[in-house]
Every structure is written in structure tokens, then in C-alpha cells.
>>> print(open('run.tsv').read())   # TSV, C-alpha atoms
chain	number	residue	atom	x	y	z
A	1	MET	CA	-148.48	-44.96	-139.58
A	2	PHE	CA	-147.67	-43.53	-136.19
A	3	SER	CA	-144.67	-44.96	-134.27
A	4	LYS	CA	-145.25	-46.05	-130.73
A	5	ARG	CA	-143.46	-43.92	-128.19
A	6	TYR	CA	-141.84	-45.63	-125.25
A	7	ALA	CA	-141.47	-43.70	-121.98
A	8	PHE	CA	-139.13	-44.68	-119.13
A	9	THR	CA	-140.79	-45.49	-115.89
A	10	LEU	CA	-139.64	-44.00	-112.61
A	11	ILE	CA	-138.12	-47.32	-111.52
A	12	GLU	CA	-136.05	-47.59	-114.71
A	13	LEU	CA	-134.74	-44.03	-114.24
A	14	VAL	CA	-133.73	-44.78	-110.65
A	15	VAL	CA	-131.93	-47.98	-111.73
A	16	ALA	CA	-130.11	-46.19	-114.55
A	17	ILE	CA	-129.00	-43.34	-112.28
A	18	GLY	CA	-127.84	-45.89	-109.70
A	19	LEU	CA	-125.77	-47.76	-112.27
A	20	LEU	CA	-124.20	-44.52	-113.49
A	21	THR	CA	-123.39	-43.57	-109.90
A	22	VAL	CA	-121.71	-46.94	-109.26
A	23	VAL	CA	-119.69	-46.71	-112.47
A	24	ALA	CA	-118.63	-43.13	-111.69
A	25	THR	CA	-117.68	-44.11	-108.12
A	26	ILE	CA	-115.56	-47.05	-109.30
A	27	THR	CA	-113.88	-44.87	-111.92
A	28	ALA	CA	-113.11	-42.13	-109.37
A	29	ILE	CA	-111.72	-44.61	-106.84
A	30	SER	CA	-109.58	-46.30	-109.49
A	31	GLY	CA	-108.26	-42.95	-110.69
A	32	ALA	CA	-107.47	-41.80	-107.15
A	33	THR	CA	-105.73	-45.10	-106.36
A	34	PHE	CA	-103.68	-44.92	-109.55
A	35	TYR	CA	-102.71	-41.29	-108.86
A	36	LYS	CA	-101.75	-42.09	-105.26
A	37	GLY	CA	-99.65	-45.02	-106.41
A	38	TYR	CA	-98.00	-42.85	-109.02
A	39	GLN	CA	-97.18	-40.19	-106.43
A	40	ASN	CA	-95.80	-42.83	-104.05
A	41	SER	CA	-93.63	-44.26	-106.82
A	42	LEU	CA	-92.30	-40.77	-107.55
A	43	GLN	CA	-91.45	-40.27	-103.88
A	44	VAL	CA	-89.71	-43.64	-103.66
A	45	THR	CA	-87.78	-42.89	-106.84
A	46	GLU	CA	-86.69	-39.47	-105.57
A	47	HIS	CA	-85.67	-40.97	-102.21
A	48	LEU	CA	-83.63	-43.66	-103.96
A	49	LYS	CA	-81.90	-40.95	-106.00
A	50	GLU	CA	-81.06	-39.10	-102.77
A	51	LEU	CA	-79.72	-42.29	-101.18
A	52	MET	CA	-77.57	-42.91	-104.25
A	53	ALA	CA	-76.31	-39.31	-104.07
A	54	ILE	CA	-75.35	-39.79	-100.41
A	55	ASP	CA	-73.64	-43.07	-101.29
A	56	ASN	CA	-71.72	-41.28	-104.01
A	57	LEU	CA	-70.67	-38.54	-101.57
A	58	MET	CA	-69.41	-41.08	-99.05
A	59	ASP	CA	-67.73	-43.36	-101.60
A	60	THR	CA	-66.17	-40.69	-103.78
A	61	HIS	CA	-65.12	-38.09	-101.23
A	62	VAL	CA	-65.17	-39.41	-97.65
A	63	ARG	CA	-63.53	-42.69	-98.65
A	64	ASN	CA	-60.74	-40.68	-100.34
A	65	LEU	CA	-60.29	-38.29	-97.41
A	66	VAL	CA	-56.57	-37.64	-96.98
A	67	PRO	CA	-54.42	-35.59	-94.57
A	68	PHE	CA	-53.54	-32.23	-96.10
A	69	LYS	CA	-51.66	-29.57	-94.16
A	70	TRP	CA	-51.24	-25.83	-94.70
A	71	LYS	CA	-49.56	-23.05	-92.76
A	72	ASP	CA	-51.82	-20.46	-91.16
A	73	GLU	CA	-51.17	-16.73	-90.78
A	74	GLU	CA	-48.79	-17.35	-87.91
A	75	GLY	CA	-46.75	-19.93	-89.83
A	76	THR	CA	-48.10	-22.92	-87.90
A	77	GLU	CA	-48.69	-26.01	-90.00
A	78	ARG	CA	-52.29	-27.16	-89.56
A	79	MET	CA	-54.32	-29.98	-91.04
A	80	ILE	CA	-57.27	-28.98	-93.19
A	81	PHE	CA	-59.87	-31.02	-91.37
A	82	ASN	CA	-62.66	-30.06	-89.02
A	83	GLY	CA	-65.01	-32.75	-87.80
A	84	LYS	CA	-67.94	-31.36	-85.85
A	85	GLU	CA	-71.03	-33.22	-84.73
A	86	ASP	CA	-73.19	-31.60	-87.43
A	87	GLU	CA	-70.62	-30.48	-90.03
A	88	LEU	CA	-67.61	-31.97	-91.81
A	89	PHE	CA	-64.77	-30.07	-93.50
A	90	PHE	CA	-61.99	-32.05	-95.20
A	91	ALA	CA	-59.63	-32.47	-98.15
A	92	THR	CA	-60.10	-35.37	-100.55
A	93	LEU	CA	-58.51	-36.83	-103.66
A	94	ARG	CA	-60.26	-37.05	-107.02
A	95	ARG	CA	-59.41	-38.08	-110.54
A	96	SER	CA	-57.57	-35.38	-112.46
A	97	TYR	CA	-58.31	-35.08	-116.16
A	98	GLY	CA	-59.30	-32.52	-118.77
A	99	LYS	CA	-59.28	-28.94	-117.53
A	100	ARG	CA	-59.61	-29.75	-113.85
A	101	PRO	CA	-57.29	-27.55	-111.74
A	102	GLY	CA	-55.94	-30.49	-109.74
A	103	SER	CA	-56.57	-33.80	-108.01
A	104	LEU	CA	-57.31	-32.23	-104.61
A	105	LEU	CA	-60.82	-31.16	-103.65
A	106	PHE	CA	-61.92	-29.38	-100.49
A	107	VAL	CA	-65.36	-30.36	-99.25
A	108	ARG	CA	-67.78	-29.10	-96.62
A	109	VAL	CA	-70.94	-31.07	-95.68
A	110	PHE	CA	-73.77	-29.64	-93.56
A	111	VAL	CA	-77.55	-29.20	-93.34
A	112	GLU	CA	-79.28	-25.94	-94.22
A	113	GLU	CA	-83.04	-25.35	-94.42
A	114	GLU	CA	-83.78	-29.10	-94.35
A	115	GLN	CA	-81.34	-29.72	-97.18
A	116	LEU	CA	-78.17	-31.79	-97.07
A	117	ILE	CA	-75.59	-29.55	-98.72
A	118	ALA	CA	-72.12	-30.39	-100.03
A	119	GLU	CA	-69.85	-27.52	-101.06
A	120	TYR	CA	-66.72	-28.07	-103.16
A	121	SER	CA	-63.65	-26.01	-103.94
A	122	PRO	CA	-60.60	-27.00	-106.01
A	123	TYR	CA	-58.55	-24.41	-104.13
A	124	PRO	CA	-57.43	-24.64	-100.48
A	125	ARG	CA	-60.09	-23.51	-98.03
A	126	PHE	CA	-59.32	-23.19	-94.35
A	127	PRO	CA	-61.76	-24.20	-91.61
A	128	TRP	CA	-60.03	-21.94	-89.06
A	129	LEU	CA	-61.02	-18.80	-91.02
A	130	GLU	CA	-64.36	-17.31	-90.02
A	131	GLU	CA	-65.06	-15.69	-93.40
A	132	ASP	CA	-64.69	-17.21	-96.86
A	133	ASP	CA	-62.77	-15.60	-99.70
A	134	ASP	CA	-65.30	-14.19	-102.18
A	135	ASN	CA	-62.75	-14.59	-104.98
A	136	MET	CA	-62.93	-18.38	-104.59
A	137	PRO	CA	-66.62	-19.23	-104.27
A	138	TRP	CA	-67.82	-22.69	-103.33
A	139	THR	CA	-69.63	-24.93	-105.78
A	140	ARG	CA	-72.80	-25.97	-103.99
A	141	GLU	CA	-74.73	-29.20	-104.51
A	142	VAL	CA	-78.00	-30.24	-102.86
A	143	ILE	CA	-77.50	-33.90	-101.98
A	144	ALA	CA	-80.90	-34.57	-100.36
A	145	ARG	CA	-84.01	-32.74	-99.21
A	146	ASN	CA	-86.35	-33.17	-96.26
A	147	VAL	CA	-83.38	-33.74	-93.96
A	148	SER	CA	-83.98	-32.82	-90.33
A	149	GLN	CA	-80.35	-33.13	-89.20
A	150	ILE	CA	-77.11	-35.03	-89.71
A	151	THR	CA	-74.77	-36.38	-87.07
A	152	PHE	CA	-71.15	-37.32	-87.64
A	153	ALA	CA	-69.02	-39.70	-85.59
A	154	TYR	CA	-65.28	-40.25	-86.03
A	155	ALA	CA	-63.48	-43.55	-85.47
A	156	GLU	CA	-60.22	-43.55	-83.56
A	157	ASN	CA	-58.08	-46.24	-81.94
A	158	SER	CA	-59.41	-47.03	-78.49
A	159	THR	CA	-57.21	-45.89	-75.61
A	160	GLU	CA	-58.68	-48.56	-73.32
A	161	THR	CA	-58.82	-51.76	-75.40
A	162	GLU	CA	-56.07	-52.52	-77.90
A	163	GLY	CA	-57.26	-53.59	-81.33
A	164	THR	CA	-60.62	-51.82	-81.12
A	165	VAL	CA	-61.91	-48.44	-82.19
A	166	GLU	CA	-64.15	-45.90	-80.51
A	167	PHE	CA	-66.31	-43.21	-82.07
A	168	LEU	CA	-65.89	-39.58	-81.08
A	169	GLU	CA	-68.52	-36.87	-81.44
A	170	THR	CA	-65.98	-34.29	-82.64
A	171	TYR	CA	-62.58	-34.56	-84.29
A	172	LEU	CA	-60.98	-31.12	-84.50
A	173	GLU	CA	-57.73	-30.45	-86.33
A	174	GLU	CA	-56.15	-28.56	-83.42
A	175	GLU	CA	-56.45	-31.71	-81.31
A	176	ASN	CA	-55.28	-34.28	-83.89
A	177	SER	CA	-52.42	-34.52	-86.37
A	178	SER	CA	-54.05	-37.06	-88.70
A	179	PRO	CA	-57.60	-37.69	-89.94
A	180	PRO	CA	-59.87	-40.25	-88.27
A	181	LEU	CA	-59.82	-43.89	-89.26
A	182	ALA	CA	-63.40	-43.74	-90.48
A	183	VAL	CA	-66.36	-41.37	-90.64
A	184	ARG	CA	-69.94	-42.33	-89.83
A	185	MET	CA	-72.79	-40.09	-90.94
A	186	THR	CA	-76.32	-40.48	-89.58
A	187	VAL	CA	-79.06	-38.78	-91.58
A	188	GLU	CA	-82.38	-38.08	-89.88
A	189	TRP	CA	-85.24	-37.29	-92.23
A	190	THR	CA	-88.18	-35.02	-91.47
A	191	ASN	CA	-90.50	-38.06	-91.28
A	192	GLY	CA	-88.45	-39.47	-88.40
A	193	ASP	CA	-86.53	-42.14	-90.33
A	194	LYS	CA	-82.78	-42.53	-89.72
A	195	GLU	CA	-80.11	-44.02	-91.94
A	196	GLN	CA	-76.36	-44.40	-91.47
A	197	TRP	CA	-73.32	-44.49	-93.71
A	198	LEU	CA	-69.85	-45.60	-92.56
A	199	ARG	CA	-66.73	-45.22	-94.68
A	200	ARG	CA	-63.07	-45.75	-93.90
A	201	THR	CA	-60.81	-42.85	-94.86
A	202	ALA	CA	-57.69	-43.01	-97.03
A	203	GLY	CA	-54.15	-42.46	-95.78
A	204	VAL	CA	-54.49	-44.40	-92.52
A	205	SER	CA	-52.81	-47.71	-93.43
A	206	ALA	CA	-50.33	-47.24	-90.58
A	207	ASN	CA	-53.23	-47.76	-88.20
A	208	SER	CA	-54.75	-50.78	-89.95
A	209	THR	CA	-55.14	-54.01	-87.96
A	210	PHE	CA	-56.25	-57.46	-88.96
A	211	GLY	CA	-57.39	-58.23	-85.41
A	212	VAL	CA	-56.21	-60.71	-82.76
A	213	ARG	CA	-56.20	-64.50	-82.93
A	214	THR	CA	-55.20	-67.25	-80.51
A	215	SER	CA	-52.67	-69.91	-81.49
A	216	ALA	CA	-52.68	-73.53	-80.36
A	217	ALA	CA	-49.92	-72.74	-77.85
A	218	GLY	CA	-52.17	-70.27	-76.04
A	219	THR	CA	-50.47	-67.13	-77.33
A	220	THR	CA	-52.07	-64.24	-79.17
A	221	GLU	CA	-50.78	-63.00	-82.49
A	222	THR	CA	-51.63	-59.49	-83.63
A	223	THR	CA	-51.16	-58.76	-87.32
A	224	THR	CA	-50.85	-55.14	-88.32
A	225	VAL	CA	-50.16	-53.23	-91.50
A	226	SER	CA	-47.71	-50.34	-91.41
A	227	SER	CA	-46.33	-48.67	-94.53
A	228	GLY	CA	-47.47	-51.56	-96.70
A	229	GLN	CA	-45.64	-54.30	-94.69
A	230	SER	CA	-47.07	-56.91	-92.33
A	231	ASN	CA	-45.64	-57.24	-88.84
A	232	THR	CA	-46.62	-60.00	-86.45
A	233	GLY	CA	-46.08	-59.86	-82.71
A	234	THR	CA	-46.86	-62.49	-80.07
A	235	SER	CA	-47.70	-62.19	-76.42
A	236	SER	CA	-48.60	-64.73	-73.75
A	237	THR	CA	-52.15	-65.05	-72.46
A	238	ALA	CA	-53.50	-66.74	-69.36
A	239	GLY	CA	-55.84	-69.65	-70.01
A	240	SER	CA	-56.59	-71.66	-73.09
A	241	GLY	CA	-59.79	-69.90	-74.13
A	242	GLY	CA	-60.11	-67.96	-77.36
A	243	VAL	CA	-59.57	-64.25	-77.67
A	244	ARG	CA	-62.37	-62.18	-79.11
A	245	PRO	CA	-61.21	-60.44	-82.31
A	246	GLY	CA	-60.91	-56.69	-82.10
A	247	ARG	CA	-63.69	-54.68	-83.63
A	248	GLY	CA	-62.41	-52.26	-86.20
A	249	VAL	CA	-62.72	-50.79	-89.64
A	250	ARG	CA	-62.27	-53.14	-92.56
A	251	PRO	CA	-58.50	-53.45	-93.17
A	252	GLY	CA	-56.73	-52.88	-96.45
A	253	ARG	CA	-55.07	-55.62	-98.46
A	254	THR	CA	-51.31	-56.02	-98.58
A	255	GLY	CA	-49.21	-57.19	-101.45
A	256	SER	CA	-45.66	-57.12	-102.68
A	257	GLY	CA	-46.02	-53.59	-103.87
A	258	GLY	CA	-47.34	-52.05	-100.65
A	259	GLY	CA	-50.67	-51.62	-98.90
A	260	ARG	CA	-53.89	-51.17	-100.81
A	261	GLN	CA	-56.83	-49.56	-99.09
A	262	GLN	CA	-60.41	-50.44	-99.77
>>> encode(input="run.tsv", output="C-alpha cells")
Amino acid sequence: MFSKRYAFTLIELVVAIGLLTVVATITAISGATFYKGYQNSLQVTEHLKELMAIDNLMDTHVRNLVPFKWKDEEGTERMIFNGKEDELFFATLRRSYGKRPGSLLFVRVFVEEEQLIAEYSPYPRFPWLEEDDDNMPWTREVIARNVSQITFAYAENSTETEGTVEFLETYLEEENSSPPLAVRMTVEWTNGDKEQWLRRTAGVSANSTFGVRTSAAGTTETTTVSSGQSNTGTSSTAGSGGVRPGRGVRPGRTGSGGGRQQ
């Protein structure tokens, strides 16, 4: 007995090819969407890692920035600090344990080839020297990539309004005997985005202020912290209106054992 052969008509072939085309198109679009989402998630993850690395740099090193002085070739005592608009050079404290050479760390932060670079040295490095000592190389760390530029600003007590601070574009050691009250770093990425970090430095409790308040008698009381002790002074003011609190860096806490910086 002969079996009956069934042949596809032209219309059936066209419909089948059309269905295959639709299925292939949906599969390709789904795959492309998934891959794009995966790439975006990788970029977001990498950016978050870079933001966390910058946070760690500011919290671990800039927050622990301390005044450290050293005599130069002429015997003049100079502070190891150089705050430029696009570069920061300072000494900071760190935890000392194991085989670490000490609790002091010398740090330099700058941008090179669209990379935010932090260089570290456990031995004294001097910003006033033009050339580095090859016997004491820096340890380099890439903090973030795709960085167009960074801009630093340095907080200092305002010379015009008492109880407030102003930000300077540069803070050079030959012009100042102590580090700034705080350091603000603005990072500009290659895509045009900008983000800022602000950290108060260590070792500046003598310049801490809790602001200004008005008493019921119409006098102002300014509370300051100096060497771990609170001192309150009063002065008369004209009028019964309130006094706007001074803008400043977050003050440290005081206790019976001295000042504690945050």
C-alpha cells in the first residue's frame, strides 16, 4: 500500500517562515535587553565600588589628617601639608599593628590619565622637594577611573564673620602653621556628573565651635572647645531678635577626659 505524501503549500511556508522570524526577533530583542541590563548592572556595581573607595579614602585618611612638622635643608621647621586646587599632600594617622613601620602615613591624592590616584608612604615625604627619593617609592592605588578632574577646597575660620568658616582654593604650608579645619573634594566624572565629599580633619579641636545662641536676656553666648575644655563667653546684642547660628564643621564632643573628635 502506498502512503499518501503531503506537500506544504506556498501559503503554509510563508506562515511558517513568518512565525520563525517573529520568534527569532523576540529572542534577539530579549537577549540584547538582558545583555544591556547586565552591562548596566556591572557599571553601577563598579561605580558603587569606586564611591566606596573614595569614602574610605576620605574617612580613613583625610578625617585623620594631623599636623606633622619636619625641618628642611635649611633647618626651618615646616608642616608636611600642601593643599592645591587639584592635588592634596598630607600626613595622616593609621592603626599600627603587625609589621607596619609606624602609625604615620604620608598621602598624595591627584588625577592622572583620567584616574583618581592615591599614593602612600610610611616614611616622611616632603612636598617642597621637586624630586622624590627613589629609595623610598610610593605605594600607588587607583581609587576610581573615568575621572575628568578633582577640585579641593579647604575650610578655615572666616576673617569677616565670627563663628563661620570659609573655603579656600589653596592651603599651602608656607602660608599656614596648622592644617585646615576640613577638606572638601569635588570629583567630576568624564560623563559630566559631579560628586562631593567633605570631611573634618583631626587635630583642630582648638578651633571647634558649637555656634552662637541668644539667651532670654538678649545676650549671645558662644560656646567653644579648646584643649578638651568648654569655655562660654557672653556679649551684649542690640535688639531682641534671634542670632543666626554660625555655619561650621560638625564639632567634636567633650567629656571629662578631654575633647573627642568625630
>>> atom_distance(input="run.tsv", atom1="atom CA of Ser121 of chain A", atom2="atom CA of Val107 of chain A")
6.6 Å
>>> closest_atom_pairs(input="run.tsv", of="segment 116-192 of chain A", to="segment 49-69 of chain A", cutoff="8 Å", atoms="only C-alpha atoms", output="tab-separated table")
residue	atom	partner	partner_atom	distance
A:Ile143	CA	A:Ala53	CA	5.9
A:Ala144	CA	A:Glu50	CA	5.1
A:Arg145	CA	A:Glu50	CA	7.9
A:Ser178	CA	A:Pro67	CA	6.1
A:Pro179	CA	A:Pro67	CA	6.0
A:Val183	CA	A:Val62	CA	7.4
>>> closest_residue(input="run.tsv", among="A:Gly83, A:Gly18, A:Gly98, A:Pro124", to="Phe110 of chain A", atoms="only C-alpha atoms")
A:Gly83
>>> atom_distance(input="run.tsv", atom1="atom CA of Ala28 of chain A", atom2="atom CA of Val44 of chain A")
24.1 Å
>>> closest_residue(input="run.tsv", among="A:Thr33, A:Asn157, A:Thr76, A:Thr9", to="Ala182 of chain A", atoms="all atoms listed in the file")
A:Asn157
>>> atom_distance(input="run.tsv", atom1="atom CA of Trp189 of chain A", atom2="atom CA of Glu114 of chain A")
8.6 Å
>>> closest_residue(input="run.tsv", among="A:Lys71, A:Thr25, A:Arg95, A:Asn146", to="Glu46 of chain A", atoms="all atoms listed in the file")
A:Asn146
>>> closest_residue(input="run.tsv", among="A:Ala32, A:Leu10, A:Ile17, A:Pro122", to="Ser96 of chain A", atoms="all atoms listed in the file")
A:Pro122
>>> closest_residue(input="run.tsv", among="A:Arg94, A:Arg140, A:His47, A:Arg200", to="Ile117 of chain A", atoms="all atoms listed in the file")
A:Arg140
>>> residues_near_point(input="run.tsv", point="(-57.3, -32.4, -98.8)", cutoff="6 Å", atoms="only C-alpha atoms", output="ChimeraX atom specification")
/A:66,68,90-92,104,106
>>> closest_residue(input="run.tsv", among="A:Lys194, A:Arg108, A:Arg125, A:Arg184", to="Gln149 of chain A", atoms="only C-alpha atoms")
A:Lys194
